[in-house]
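For reference, work_7.txt is printed below; it contains compact mmCIF, C-alpha atoms.
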```txt
# COMPACT_ATOMS: atom_id res chain seq x y z
CA MET A 129 82.60 -25.34 -6.52
CA ALA A 130 78.97 -24.21 -6.42
CA SER A 131 77.40 -23.33 -9.75
CA PHE A 132 74.26 -21.24 -10.29
CA TYR A 133 73.02 -20.74 -13.83
CA GLY A 134 76.48 -21.40 -15.22
CA ILE A 135 78.30 -19.11 -12.78
CA ASP A 136 80.88 -20.96 -10.69
CA LEU A 137 81.50 -19.73 -7.17
CA LYS A 138 84.23 -20.68 -4.73
CA SER A 139 82.31 -19.34 -1.75
CA ARG A 140 79.18 -21.18 -0.68
CA LEU A 141 77.95 -18.32 1.44
CA LEU A 142 75.65 -15.71 -0.08
CA LEU A 143 75.24 -12.60 2.02
CA GLY A 144 72.49 -10.03 2.39
CA THR A 145 73.34 -6.34 2.63
CA ALA A 146 70.55 -5.03 4.90
CA ARG A 147 70.45 -4.01 8.55
CA TYR A 148 74.18 -3.41 9.12
CA PRO A 149 75.21 -0.67 11.56
CA SER A 150 77.04 1.23 8.78
CA PRO A 151 78.24 0.86 5.19
CA ALA A 152 81.79 0.45 6.50
CA VAL A 153 80.77 -2.51 8.67
CA LEU A 154 78.82 -3.98 5.77
CA GLU A 155 81.88 -3.77 3.53
CA ARG A 156 84.15 -5.40 6.11
CA ALA A 157 81.55 -8.10 6.82
CA ILE A 158 81.27 -8.94 3.13
CA LYS A 159 85.05 -9.25 2.90
CA ALA A 160 85.22 -11.38 6.05
CA SER A 161 82.47 -13.68 4.75
CA GLY A 162 84.27 -14.29 1.47
CA ALA A 163 80.88 -14.02 -0.27
CA GLU A 164 80.98 -13.63 -4.04
CA VAL A 165 77.24 -12.97 -4.26
CA VAL A 166 75.39 -10.28 -2.31
CA THR A 167 71.64 -9.75 -2.26
CA VAL A 168 70.16 -6.33 -2.85
CA SER A 169 66.74 -4.80 -3.24
CA LEU A 170 64.97 -1.72 -4.53
CA ARG A 171 62.80 0.84 -2.87
CA ARG A 172 61.11 4.12 -3.67
CA GLU A 173 63.35 7.14 -3.95
CA SER A 174 62.33 10.79 -4.00
CA GLY A 175 63.72 13.33 -6.42
CA ALA A 176 65.77 14.86 -3.61
CA GLY A 177 66.94 11.58 -2.07
CA ARG A 178 70.37 10.17 -2.80
CA ALA A 179 70.41 6.99 -0.70
CA GLY A 180 69.84 4.73 -3.67
CA GLN A 181 72.53 6.39 -5.74
CA SER A 182 75.16 6.11 -3.04
CA PHE A 183 74.25 2.47 -2.37
CA TRP A 184 74.54 1.80 -6.10
CA SER A 185 78.09 3.27 -6.12
CA PHE A 186 78.93 1.16 -3.08
CA ILE A 187 77.70 -2.03 -4.74
CA GLN A 188 79.52 -1.32 -7.98
CA ALA A 189 82.79 -0.77 -6.12
CA LEU A 190 82.52 -4.20 -4.51
CA GLY A 191 82.78 -5.89 -7.91
CA LEU A 192 80.69 -8.86 -6.74
CA LYS A 193 77.81 -10.71 -8.34
CA VAL A 194 74.52 -9.12 -7.34
CA LEU A 195 71.31 -11.03 -6.63
CA PRO A 196 68.34 -8.62 -6.44
CA ASN A 197 65.26 -9.71 -4.54
CA THR A 198 61.53 -9.06 -4.72
CA ALA A 199 61.26 -8.74 -0.94
CA GLY A 200 57.97 -7.45 0.36
CA CYS A 201 55.95 -8.49 -2.69
CA HIS A 202 52.67 -10.17 -1.83
CA SER A 203 51.25 -10.76 -5.31
CA VAL A 204 52.42 -12.26 -8.57
CA LYS A 205 51.95 -8.97 -10.41
CA GLU A 206 53.96 -7.02 -7.84
CA ALA A 207 56.77 -9.58 -7.87
CA VAL A 208 56.94 -9.76 -11.67
CA THR A 209 56.99 -5.97 -12.05
CA THR A 210 59.63 -5.67 -9.33
CA ALA A 211 61.73 -8.31 -11.09
CA HIS A 212 61.63 -6.32 -14.31
CA MET A 213 62.68 -3.17 -12.47
CA ALA A 214 65.50 -5.06 -10.77
CA ARG A 215 66.74 -6.53 -14.06
CA GLU A 216 67.07 -3.08 -15.55
CA LEU A 217 68.48 -1.44 -12.43
CA PHE A 218 71.11 -4.05 -11.62
CA ASP A 219 71.70 -5.28 -15.18
CA THR A 220 71.30 -8.96 -14.28
CA LYS A 221 68.97 -11.79 -15.20
CA TRP A 222 69.28 -13.18 -11.68
CA ILE A 223 66.31 -12.62 -9.40
CA LYS A 224 65.67 -13.90 -5.88
CA LEU A 225 61.94 -14.39 -6.20
CA GLU A 226 59.91 -13.81 -3.05
CA VAL A 227 56.13 -13.86 -3.05
CA ILE A 228 55.10 -13.54 0.57
CA GLY A 229 51.90 -15.26 1.64
CA GLU A 230 51.69 -14.70 5.37
CA ALA A 231 52.72 -11.62 7.31
CA ASP A 232 53.75 -13.14 10.65
CA THR A 233 56.00 -15.85 9.30
CA LEU A 234 56.82 -14.28 5.92
CA GLN A 235 56.04 -17.75 4.59
CA PRO A 236 56.19 -17.91 0.80
CA ASP A 237 52.89 -17.98 -1.09
CA VAL A 238 53.97 -21.07 -2.99
CA PHE A 239 51.06 -20.88 -5.44
CA GLY A 240 51.92 -17.33 -6.42
CA LEU A 241 55.60 -18.24 -6.39
CA VAL A 242 55.17 -20.98 -8.99
CA GLU A 243 53.06 -18.70 -11.18
CA ALA A 244 55.53 -15.82 -10.97
CA ALA A 245 58.47 -18.18 -11.55
CA ARG A 246 56.85 -19.49 -14.73
CA ILE A 247 56.25 -15.98 -16.07
CA LEU A 248 59.79 -14.84 -15.27
CA CYS A 249 61.57 -17.97 -16.53
CA GLU A 250 59.69 -17.67 -19.84
CA ASP A 251 60.86 -14.08 -20.00
CA GLY A 252 64.52 -15.05 -19.70
CA PHE A 253 65.06 -14.46 -16.00
CA GLU A 254 67.27 -16.81 -13.99
CA VAL A 255 65.08 -17.35 -10.98
CA PHE A 256 66.22 -18.19 -7.43
CA PRO A 257 62.86 -18.96 -5.77
CA TYR A 258 62.55 -18.46 -2.02
CA THR A 259 60.37 -21.44 -1.19
CA THR A 260 59.51 -23.94 1.51
CA GLU A 261 60.88 -27.49 1.71
CA ASP A 262 57.68 -28.85 0.07
CA LEU A 263 58.66 -31.43 -2.55
CA VAL A 264 55.65 -30.92 -4.81
CA VAL A 265 56.16 -27.17 -4.91
CA ALA A 266 59.83 -27.76 -5.66
CA ASP A 267 58.83 -30.02 -8.56
CA ARG A 268 56.54 -27.33 -9.96
CA LEU A 269 59.28 -24.71 -9.65
CA VAL A 270 61.70 -26.91 -11.56
CA GLU A 271 59.02 -27.56 -14.21
CA ALA A 272 58.54 -23.79 -14.43
CA GLY A 273 62.21 -23.44 -15.35
CA CYS A 274 64.00 -22.77 -12.05
CA LYS A 275 67.50 -24.24 -12.01
CA VAL A 276 68.13 -23.35 -8.36
CA LEU A 277 65.87 -23.84 -5.34
CA MET A 278 66.12 -21.88 -2.10
CA PRO A 279 64.07 -23.47 0.69
CA TRP A 280 63.82 -21.65 3.98
CA GLY A 281 65.52 -22.96 7.09
CA ALA A 282 63.08 -21.03 9.28
CA PRO A 283 61.13 -17.76 8.97
CA ILE A 284 63.19 -14.80 7.73
CA GLY A 285 65.11 -13.11 10.52
CA SER A 286 64.02 -15.66 13.15
CA ALA A 287 67.45 -17.21 13.86
CA ARG A 288 65.76 -20.54 14.52
CA GLY A 289 68.01 -22.59 12.26
CA LEU A 290 66.74 -25.62 10.37
CA ASN A 291 63.13 -26.14 11.47
CA ASN A 292 62.56 -29.22 9.34
CA VAL A 293 65.74 -31.18 8.86
CA TYR A 294 63.83 -34.18 7.54
CA GLY A 295 62.13 -32.04 4.89
CA LEU A 296 65.39 -30.42 3.82
CA ARG A 297 67.09 -33.83 3.63
CA SER A 298 64.22 -35.19 1.51
CA LEU A 299 64.52 -32.23 -0.83
CA ARG A 300 68.23 -32.87 -1.24
CA ALA A 301 67.57 -36.55 -1.98
CA HIS A 302 64.82 -35.78 -4.52
CA PHE A 303 66.80 -33.15 -6.39
CA PRO A 304 70.39 -34.41 -6.47
CA ASP A 305 71.24 -32.33 -9.54
CA ILE A 306 69.54 -29.02 -8.69
CA PRO A 307 71.65 -26.53 -6.73
CA LEU A 308 69.96 -26.07 -3.36
CA VAL A 309 70.49 -23.10 -1.05
CA VAL A 310 69.11 -22.79 2.47
CA ASP A 311 67.82 -19.25 2.55
CA ALA A 312 66.54 -17.54 5.67
CA GLY A 313 66.21 -18.36 9.33
CA LEU A 314 69.84 -19.12 10.15
CA GLY A 315 71.02 -17.63 13.43
CA VAL A 316 74.41 -19.07 14.30
CA PRO A 317 77.22 -20.68 12.32
CA SER A 318 76.30 -24.20 13.45
CA HIS A 319 73.02 -23.77 11.53
CA ALA A 320 74.98 -23.10 8.36
CA ALA A 321 77.25 -26.06 9.03
CA ALA A 322 74.19 -28.28 9.54
CA ALA A 323 72.72 -27.19 6.20
CA MET A 324 75.98 -27.88 4.43
CA GLU A 325 76.34 -31.28 6.12
CA LEU A 326 72.97 -32.19 4.56
CA GLY A 327 74.60 -31.68 1.18
CA TYR A 328 73.19 -28.26 0.41
CA ASP A 329 75.18 -26.30 -2.13
CA ALA A 330 75.18 -23.01 -0.25
CA VAL A 331 73.54 -20.90 2.42
CA LEU A 332 72.10 -17.40 2.14
CA LEU A 333 71.91 -15.26 5.25
CA ASN A 334 71.68 -11.66 6.30
CA THR A 335 70.30 -10.79 9.73
CA ALA A 336 72.42 -13.32 11.63
CA VAL A 337 75.51 -11.42 10.52
CA ALA A 338 74.12 -7.88 10.35
CA GLU A 339 72.59 -7.93 13.82
CA ALA A 340 75.38 -9.79 15.59
CA GLY A 341 77.28 -7.80 18.23
CA ASP A 342 80.29 -7.93 15.91
CA PRO A 343 79.04 -8.46 12.35
CA VAL A 344 82.52 -8.74 10.86
CA GLU A 345 83.59 -11.50 13.22
CA MET A 346 80.26 -13.27 12.77
CA ALA A 347 80.68 -13.13 8.99
CA ARG A 348 84.04 -14.84 9.38
CA ALA A 349 82.51 -17.45 11.70
CA PHE A 350 79.76 -18.24 9.18
CA ALA A 351 82.34 -18.56 6.41
CA LEU A 352 84.32 -21.07 8.46
CA ALA A 353 81.19 -23.03 9.40
CA THR A 354 79.96 -23.15 5.82
CA GLU A 355 83.30 -24.47 4.65
CA ALA A 356 83.46 -26.96 7.53
CA GLY A 357 79.97 -28.25 6.80
CA ARG A 358 80.78 -28.73 3.13
CA ALA A 359 84.03 -30.55 3.94
CA ALA A 360 82.16 -32.78 6.38
CA TYR A 361 79.54 -33.64 3.76
CA LEU A 362 82.21 -34.58 1.24
CA ALA A 363 83.99 -36.65 3.90
CA ARG A 364 80.80 -38.78 4.28
CA PRO A 365 79.87 -38.72 7.99
CA MET A 366 79.33 -41.98 9.86
CA GLU A 367 75.77 -43.09 10.58
CA PRO A 368 74.38 -42.49 14.09
CA ARG A 369 73.87 -45.60 16.25
CA ASP A 370 71.62 -46.24 19.22
CA MET A 371 74.24 -48.04 21.30
CA ALA A 372 77.80 -47.24 22.30
CA VAL A 373 80.72 -48.74 20.40
CA PRO A 374 84.07 -48.38 22.15
CA SER A 375 86.49 -46.33 20.13
CA THR A 376 89.47 -47.84 21.90
CA PRO A 377 89.97 -51.51 20.88
CA VAL A 378 89.23 -53.97 23.71
CA ILE A 379 91.51 -56.70 22.33
CA GLY A 380 94.82 -56.71 24.16
CA LYS A 381 93.52 -54.87 27.18
CA ALA A 382 95.45 -55.81 30.34
CA ALA A 383 93.60 -58.24 32.63
CA LEU A 384 93.65 -56.35 35.90
CA GLY A 385 90.35 -57.36 37.46
CA ASP A 386 89.72 -59.97 40.16
CA MET B 155 47.98 18.00 -14.83
CA LYS B 156 48.15 16.03 -11.63
CA ILE B 157 50.16 12.84 -11.32
CA PHE B 158 51.12 10.74 -8.32
CA LEU B 159 54.78 9.83 -7.86
CA ASN B 160 55.42 7.29 -5.12
CA ASP B 161 51.98 8.28 -3.78
CA ASP B 162 52.76 12.01 -3.59
CA ALA B 163 50.69 14.34 -5.80
CA HIS B 164 52.61 16.58 -8.24
CA GLU B 165 51.54 19.11 -10.85
CA VAL B 166 53.45 18.58 -14.11
CA ASP B 167 53.11 19.81 -17.67
CA PRO B 168 51.40 17.32 -19.96
CA GLY B 169 54.07 15.22 -21.65
CA THR B 170 56.15 12.11 -21.32
CA LEU B 171 57.36 10.12 -18.34
CA ALA B 172 60.95 11.17 -19.16
CA ALA B 173 59.98 14.85 -19.06
CA ALA B 174 58.08 14.48 -15.80
CA LEU B 175 61.05 12.71 -14.17
CA ASP B 176 63.40 15.45 -15.34
CA SER B 177 61.17 18.13 -13.90
CA LEU B 178 60.95 16.31 -10.57
CA GLY B 179 64.70 15.99 -10.06
CA TYR B 180 65.44 12.50 -11.36
CA SER B 181 67.74 13.42 -14.25
CA ASP B 182 70.69 11.03 -14.71
CA ARG B 183 69.66 8.92 -11.76
CA LYS B 184 69.93 5.15 -11.35
CA ILE B 185 66.22 4.41 -11.13
CA ALA B 186 63.58 2.05 -12.47
CA THR B 187 60.02 3.09 -13.21
CA ALA B 188 56.48 1.80 -13.48
CA VAL B 189 53.30 3.57 -14.50
CA ASN B 190 50.00 2.34 -13.09
CA GLY B 191 51.68 -0.87 -11.95
CA ARG B 192 53.32 -1.66 -15.30
CA PHE B 193 57.08 -1.61 -15.72
CA VAL B 194 58.35 1.09 -18.10
CA ALA B 195 61.92 0.51 -19.27
CA ALA B 196 64.32 3.46 -19.33
CA ALA B 197 64.40 3.40 -23.12
CA ALA B 198 60.60 3.67 -23.25
CA ARG B 199 60.28 6.69 -20.93
CA PRO B 200 60.66 9.33 -23.68
CA ARG B 201 57.79 7.78 -25.66
CA THR B 202 55.51 7.06 -22.69
CA THR B 203 52.87 9.78 -22.52
CA LEU B 204 51.36 10.44 -19.12
CA ALA B 205 47.70 11.06 -18.44
CA ASP B 206 46.07 13.01 -15.64
CA GLY B 207 45.92 10.89 -12.50
CA ASP B 208 48.66 8.43 -13.54
CA ARG B 209 50.46 6.72 -10.71
CA ILE B 210 54.22 6.52 -11.16
CA GLU B 211 56.58 4.42 -9.12
CA VAL B 212 60.26 5.32 -9.00
CA VAL B 213 62.65 2.95 -7.25
CA ALA B 214 66.39 2.90 -6.72
CA PRO B 215 68.91 0.31 -5.49
CA MET B 216 68.87 -0.41 -1.81
CA GLN B 217 70.11 -2.85 0.78
CA GLY B 218 68.33 -6.21 0.83
CA GLY B 219 68.47 -9.72 2.22
```
Write-out of the structure in structure tokens:
Amino acid sequence: MASFYGIDLKSRLLLGTARYPSPAVLERAIKASGAEVVTVSLRRESGAGRAGQSFWSFIQALGLKVLPNTAGCHSVKEAVTTAHMARELFDTKWIKLEVIGEADTLQPDVFGLVEAARILCEDGFEVFPYTTEDLVVADRLVEAGCKVLMPWGAPIGSARGLNNVYGLRSLRAHFPDIPLVVDAGLGVPSHAAAAMELGYDAVLLNTAVAEAGDPVEMARAFALATEAGRAAYLARPMEPRDMAVPSTPVIGKAALGD
Amino acid sequence: MKIFLNDDAHEVDPGTLAAALDSLGYSDRKIATAVNGRFVAAAARPRTTLADGDRIEVVAPMQGG
């Protein structure tokens, strides 16, 4: 069972709620994924607009744990203020902290991230930092009070999978007791399985499901892959070898040659 | 006086953030607010006095990844 800030979860798949063809498809995709945590955000709303209010009703009806994000924030101040707004709006201490440093890759500004994480952790937030696989940054985030780390697999929405398997494996080895979630960049279920086979506690994805031809079926596929990857990790995979080793025993083979 | 709400200019009577939000159609809405980049909690809106030129941000829940 995965555990984040004292909350135990059976599902190791966290799902984003953006970019689905319709609310009905989103609802069915969430159900098919088995996710117990969904990510949400906040945006400006006019006095006449009702989009936010109807989405709020939709989210409440799901009865799931909500993880608000600070998506689109490029400075510490912006991210911290957004986190405060999210805490009030969604009535949760959880915050997926994003401080974006580079527009093309949406790479985290890890310096701003650490600073914002420190401010928010001191203020009682339970921070899920969207970070890179950098070990030193991860150390600083843990020092700042983060009890979960969420390294990227690849740039957000890129569907490239795990760009740096070595880095992600190192992170897992260095932080055996910190829940680790691969967040962003997954494109197909095998990417999720690969992350779980590395011993990651969970995966967080959005676009790979939302923009699939059939989001509901893709949500189900990701759920299966996440579970398969976890089971494989627990089953302790064999080590790769350079040379072949016959799987069928040679002893007792009939002597039929010349 | 003139205030800016989500970048749009509005004329409102001098008063509090809560009063301005009421007059602009946000009564009983699930929103969060900031004034001049600083978070203002819902409970603090009735005692937050606005000044001419203040920039207010009003956000609501929305889909996110």
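Interface residues on chain B toward chain A (cut-off 9 Å, all atoms listed in the file): Leu159, Asn160, Leu175, Leu178, Gly179, Tyr180, Ser181, Arg183, Lys184, Ile185, Ala186, Thr187, Ala188, Gly191, Arg192, Phe193, Val194, Ala195, Ala196, Glu211, Val212, Val213, Ala214, Pro215, Met216, Gln217, Gly218 and Gly219 of chain B.
Pairwise distance (atom CA of A:Gln235, atom CA of A:Val204) equals 14.7 Å.
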Could you name the residues that touch B:Gly207 at 8 Å or less, counting all atoms listed in the file, but leaving out those on the same chain fewer than 5 positions away, as a PDB file with C-alpha atoms, keeping the file's coordinate frame?
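In the end it all went to part-v3.pdb:
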```
ATOM      1  CA  MET B 155      47.980  18.000 -14.830  1.00  0.00           C
ATOM      2  CA  LYS B 156      48.150  16.030 -11.630  1.00  0.00           C
ATOM      3  CA  ILE B 157      50.160  12.840 -11.320  1.00  0.00           C
ATOM      4  CA  PHE B 158      51.120  10.740  -8.320  1.00  0.00           C
TER       5      PHE B 158
END
```
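One distance worth recording is that between atom CA of A:Arg369 and atom CA of A:Glu325, which is 17.7 Å.
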Taken to one decimal, the atom CA of B:Ala163-atom CA of B:Thr203 distance is 17.5 Å
B:Ser177 environment, 10 Å, all atoms listed in the file, sequence neighbours closer than 4 positions dropped, as JSON, numbers by chain: {"A": [175], "B": [166, 167, 171, 172, 173, 181]}
Using all atoms listed in the file, the residue out of B:Ala205, B:Asn190, B:Ala174, B:Ile210 with shortest distance to B:Asp162 is B:Ile210
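When all atoms listed in the file are used to measure the gap to A:Ile223, the shortest distance among A:Ala130, A:Leu277, A:Leu190, A:Val331 belongs to A:Leu277.
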inquiry  = I'd like the neighbourhood of stretch 351-365 of chain A as a PyMOL selection string, where a residue qualifies if any of its atoms comes within 9 Å (using all atoms listed in the file), though same-chain residues fewer than 6 positions away should be ignored.
reply    = chain A and resi 139-141+160-163+317-331
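Remark: for B:Val189, the closest of the candidate residues B:Asp161, B:Leu204, B:Asp176, B:Gly169 is B:Leu204 (distances computed over all atoms listed in the file).
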Put a box with edges along x, y and z around all the listed atoms of stretch 198-217 of chain B, pad it by 8 Å on each side, then give me its centre and sizes in Å, one decimal, as lines of an AutoDock Vina configuration file.
```
center_x = 58.0
center_y = 5.1
center_z = -12.4
size_x = 40.2
size_y = 31.9
size_z = 42.4
```
Would you mind writing stretch 195-207 of chain B with N, CA, C and O atoms, as a short mmCIF file (atom, residue, chain, number, x, y, z; two decimals), in the frame of the given file?
```cif
data_model
loop_
_atom_site.label_atom_id
_atom_site.label_comp_id
_atom_site.auth_asym_id
_atom_site.auth_seq_id
_atom_site.Cartn_x
_atom_site.Cartn_y
_atom_site.Cartn_z
N ALA B 195 60.46 0.55 -19.14
CA ALA B 195 61.92 0.51 -19.27
C ALA B 195 62.45 1.92 -19.53
O ALA B 195 61.74 2.78 -20.06
N ALA B 196 63.71 2.14 -19.16
CA ALA B 196 64.32 3.46 -19.33
C ALA B 196 64.20 3.94 -20.78
O ALA B 196 63.88 5.10 -21.04
N ALA B 197 64.43 3.03 -21.70
CA ALA B 197 64.40 3.40 -23.12
C ALA B 197 63.00 3.82 -23.57
O ALA B 197 62.85 4.55 -24.56
N ALA B 198 61.99 3.36 -22.85
CA ALA B 198 60.60 3.67 -23.25
C ALA B 198 60.06 4.93 -22.59
O ALA B 198 58.98 5.41 -22.96
N ARG B 199 60.81 5.51 -21.66
CA ARG B 199 60.28 6.69 -20.93
C ARG B 199 60.03 7.90 -21.85
O ARG B 199 59.01 8.56 -21.69
N PRO B 200 60.91 8.16 -22.82
CA PRO B 200 60.66 9.33 -23.68
C PRO B 200 59.43 9.17 -24.58
O PRO B 200 58.93 10.15 -25.12
N ARG B 201 58.96 7.96 -24.79
CA ARG B 201 57.79 7.78 -25.66
C ARG B 201 56.56 7.32 -24.87
O ARG B 201 55.57 6.87 -25.44
N THR B 202 56.66 7.42 -23.53
CA THR B 202 55.51 7.06 -22.69
C THR B 202 54.80 8.34 -22.25
O THR B 202 55.34 9.12 -21.47
N THR B 203 53.63 8.56 -22.82
CA THR B 203 52.87 9.78 -22.52
C THR B 203 52.04 9.58 -21.26
O THR B 203 51.37 8.55 -21.11
N LEU B 204 52.11 10.55 -20.37
CA LEU B 204 51.36 10.44 -19.12
C LEU B 204 49.96 11.03 -19.27
O LEU B 204 49.74 11.94 -20.08
N ALA B 205 49.06 10.52 -18.47
CA ALA B 205 47.70 11.06 -18.44
C ALA B 205 47.40 11.57 -17.03
O ALA B 205 48.06 11.15 -16.07
N ASP B 206 46.45 12.46 -16.94
CA ASP B 206 46.07 13.01 -15.64
C ASP B 206 45.70 11.86 -14.68
O ASP B 206 44.97 10.94 -15.06
N GLY B 207 46.24 11.91 -13.49
CA GLY B 207 45.92 10.89 -12.50
C GLY B 207 46.81 9.66 -12.52
O GLY B 207 46.64 8.75 -11.71
#
```
